[in-house]
Amino acid sequence: MDSPASNSKAIDAELRTLAGLRGRVEVTRDQWGIPHVKAENPDDLFVLNGYIHAEDRMWQMEAALRRGIGRLAEWAGPSALPADRLARQLGAEAAAKRDYDALAPETQAMLVSYAAGVNAWIDAGGTAQEYDLLGEAPIRWEPWFGVAVMRQRGILMGSVWFKLWRAAALGTVGPEAVPLLRYDDNGPERFIVPQGPEGRRLTATLADLAPAVEALSGFGPGDGTVGGSNNWAVSGARTASGMPLVAGDPHRAYEIPGIYTQLHLTCPAFDAIGFSVPGVPAFPHFCHTENVAWCVTHTFADLHDLYVEEFAEGGATYRTEDGWARTTTRRETIRVRDGADASVTVHETRHGPVIAGDPATGKALALKSAQLFDTDRSLDCLVPMMTAPSLDAFYDSCKGWGVIDHNVVGADRAGHIGVLIRATVPERDAVNGWLPVPGWTGTHEWRGYIPFERMPRQLDPAEGYITTANNRPVPEDHPDYMVTDCHPTTRASRLAERIERVAALTPGDMQDFLRDTDSAPAREIVARILAAVPRGGPLLSALAAWDGRMDPGLTAPTIYYLIRQEMTRILARRSGLDRASAHVAASPAPGIPALNQLWWTLPNLLRADDTSLLDGADWGAVIAEAVATVGAGPQPQPWGKAHRPVFTHPLAHVFPGAPGVAPPSSDPTGGDGDCVLATGGFPGSGTGSVYGPVSRYIFDLSDWDNSRWIVMHGTSGHAGDPHYSDQNPLWARGEMVPMAYSAAAVAAHAATRTVFRPV
């Protein structure tokens with residue numbers, strides 16, 4: 001086990017009283033500061049859930065809330081205004097209140113208890129360094145805030161940005177090239193359901209796209225998302241113990257504090273341990289109970305449609321197939337730190353809010369999103385998930401989840417493994433997946449939602465394992481349209497390859513898989529580089545001797561990355577797509593940098609030798625120019641130094657260098673966006689890693705105490721706390737700490753104990 005020796009000596013308990021409790025609650029923290037909470041009833045347990053989240057991460061919780069409802073500029077100043085404006089346009093606060101009012105009484109009771117715990121910590125004088133810098137006090141927590149935070153953590157992930165990108169690019173590259181602007185391997189790929197088969201992606205014809213192209217004419221000038229995650233399950237037939245193993249890592253931006261914090265909640269109704277989301281009770285994404293383990297990756301299901309709306313009367317009316325309808329408008333004011341208040345006029349059609357363009361000009365884009373359009377009751381799933389006796393029952397408990405789309409991989413103590421696509425997906429035609437569609441014809445409307453009973457689910461595949469890595473969830477001839485854009489199959493295929501190599505898999509093997517730095521795209525692109533420029537001095541000599549592993553001690557990965565980066569810049573410049581980011585369709589926050597999109601387009605264009613976006617050049621010339629540019633630049637550094645993770649804090653730009661918001665530095669790590677160790681960067685901003693595995697986990701169903709986990713910095717969100725960044729060195733090396741579950745294991749690892757009693 002990758003950790004210091006456990007502490008088995010008796011720990012004296014600190015005694016506290018807490019208003020709102022009905023009974024005794026004990027909180028044991030281990031040597032990593034991870035809290036294990038044991039209560040006599042669920043209400044008290046959720047009170048302490050809120051209290052501990054506030055104690056460790058209160059400022060982060062409120063920042064997520066403010067982001068979710070469009071009030072972060074009150075803290076972060078003008079830089080937060082675009083995102084606040086979008087949140088106001090989406091009506092996110094009203095949606096959260098609507099959804100809270102629709103939740104089951106027991107779910108509302110959970111959120112009330114959680115809020116009581118947060119407020120008890122505030123009432124005891126709780127604060128954080130960020131509040132001191134801002135001259136603010138923590139907000140009194142309200143029960144509906146948890147709904148808003150949960151939505152904010154996944155709002156508008158996925159398809160909307162790809163559609164906006166293609167809309168922004170359309171006037172530059174023309175409709176013929178639109179199908180090229182897609183995450184695409186252009187080759188066989190694995191599906192999530194069913195596991196195992198491979199197929200090829202379908203594409204759109206010009207006839208398919210014609211209505212959208214026509215609708216977009218005149219919209220804006222004529223030429224004007226981070227990587228996902230891994231998870232997998234292996235059946236007992238493939239493990240040394242004869243019981244399943246489940247493992248994975250969610251990939252998110254490296255923001256401090258990290259999105260997840262470790263937590264263990266125990267009461268007579270359930271015993272659950274996993275990664276919690278500060279601001280939200282229980283375990284939405286990663287957890288195991290006595291009976292079931294589950295984990296998620298992002299499905300990239302198409303939850304969002306964009307409609308080109310045609311307006312008249314200065315935007316007061318919009319066109320439908322039945323005539324003209326009145327536009328709904330409202331005005332909101334956003335307070336801005338160190339700046340003037342900003343006024344936002346929100347325009348809404350039957351499809352939803354206008355998020356790009358000005359209705360007064362005659363055309364604008366309205367968003368219809370499954371995350372916002374109808375009432376969502378995702379949080380009703382949280383307690384049933386923790387009490388499910390089997391994997392199949394757990395999947396049944398997910399009915400109604402819609403706040404974000406997931407590939408939920410799991411296993412149970414009966415030995416079953418499985419995967420469910422957990423999402424609320426609109427039922428409509430696949431052509432909606434490419435571009436904004438005309439909003440006035442009636443031919444692109446939703447026909448309701450795909451019923452939960454039709455959502456893809458598979459138990460115990462014949463292969464004896466399941467892998468997902470944001471790859472295509474179902475074959476494209478599946479009866480229900482699910483997705484247009486998703487990640488290449490590279491990571492899922494690499495995981496399958498490694499699983500199939502070993503006959504008796506162990507948790508140690510799972511940990512080794514999580515730090516796999518092999519990059520098949522790197523080998524493929526390097527082969528093309530070497531074929532185009534056979535003589536190139538020490539840079540190309542290093543590439544010729546390289547096996548494609550993005551290891552931190554090597555310089556070849558840096559050389560490869562810099563050359564691919566320069567090739568992407570040349571592609572953007574020659575295609576004219578470097579100007580697409582300024583198009584009005586790319587205006588919704590945080591914007592759509594062309595280089596970030598074209599980074600993923602480049603491998604398929606190379607593979608197909610497609611030069612249609614190169615303005616008369618060929619790939620040999622592009623490669624030669626890129627190699628020459630990199631060769632004339634600074635000496636490439638070893639990959640661990642060049643690609644070192646860059647942690648950021650939302651207030652670092654407001655209070656430069658101030659204690660509390662200066663993020664901790666990380667130890668070096670390997671990998672890149674194409675590896676299982678998916679430490680990705682943004683091609684337009686150097687070689688550093690800005691997103692990656694913010695946590696990792698291994699669930700061992702033969703012995704829960706043999707499970708392991710890690711987060712990228714630590715349990716605490718308070719700079720200077722011993723547990724603020726104590727997990728980072730292990731995280732950077734791909735190591736983990738024990739996930740103590742049984743009472744004996746929790747006691748053995750105990751560092752502190754606190755007993756809370758009613759007032």
# chains A, B, ... in the order shown; residues from 1 in each chain; ligands from 1
>>> residues_around(residues="Trp401 (chain A)", least_positions_apart="2", cutoff="8 Å", atoms="only C-alpha atoms", output="PyMOL selection string")
chain A and resi 376-379+381+398-399+403-404+422-424
>>> residues_around(residues="Ala732 (chain A)", least_positions_apart="3", cutoff="10 Å", atoms="only C-alpha atoms", output="list in words")
Arg515, Arg644, Pro645, Ser666, Asp667, Pro668, Thr669, Gly670, Pro693, Val711, Met712, His713, Gln727, Asn728, Pro729, Glu735 and Met736 of chain A
>>> residues_around(residues="region 148-159 of chain A", least_positions_apart="6", cutoff="6 Å", atoms="only C-alpha atoms", output="JSON, numbers by chain")
{"A": [64, 65, 68, 96, 300, 302, 403, 404]}
>>> residues_around(residues="Thr333 (chain A)", least_positions_apart="6", cutoff="8 Å", atoms="only C-alpha atoms", output="PyMOL selection string")
chain A and resi 341-344
>>> residues_around(residues="Gly686 (chain A)", least_positions_apart="6", cutoff="10 Å", atoms="only C-alpha atoms", output="PyMOL selection string")
chain A and resi 561-562+565+642-643
>>> closest_residue(among="A:Val336, A:Pro389, A:Met510, A:Gly640", to="Ser707 (chain A)", atoms="only C-alpha atoms")
A:Met510
>>> residues_around(residues="region 315-327 of chain A", least_positions_apart="5", cutoff="10 Å", atoms="only C-alpha atoms", output="list in words")
Glu309, Glu310, Val346, His347, Glu348, Thr349, Arg350, Pro353, Asp358, Pro359, Ala360, Thr361, Gly362, Lys363, Ala364, Pro438, Gly439, Trp440, Thr441, Gly442 and Thr443 of chain A
>>> atom_distance(atom1="CA of Ala545 (chain A)", atom2="CA of Ser685 (chain A)")
27.5 Å
>>> residues_around(residues="Tyr691 (chain A)", least_positions_apart="4", cutoff="12 Å", atoms="only C-alpha atoms", output="PyMOL selection string")
chain A and resi 225-229+250-256+258-259+643-648+669+671-673+677-682+687+695+712
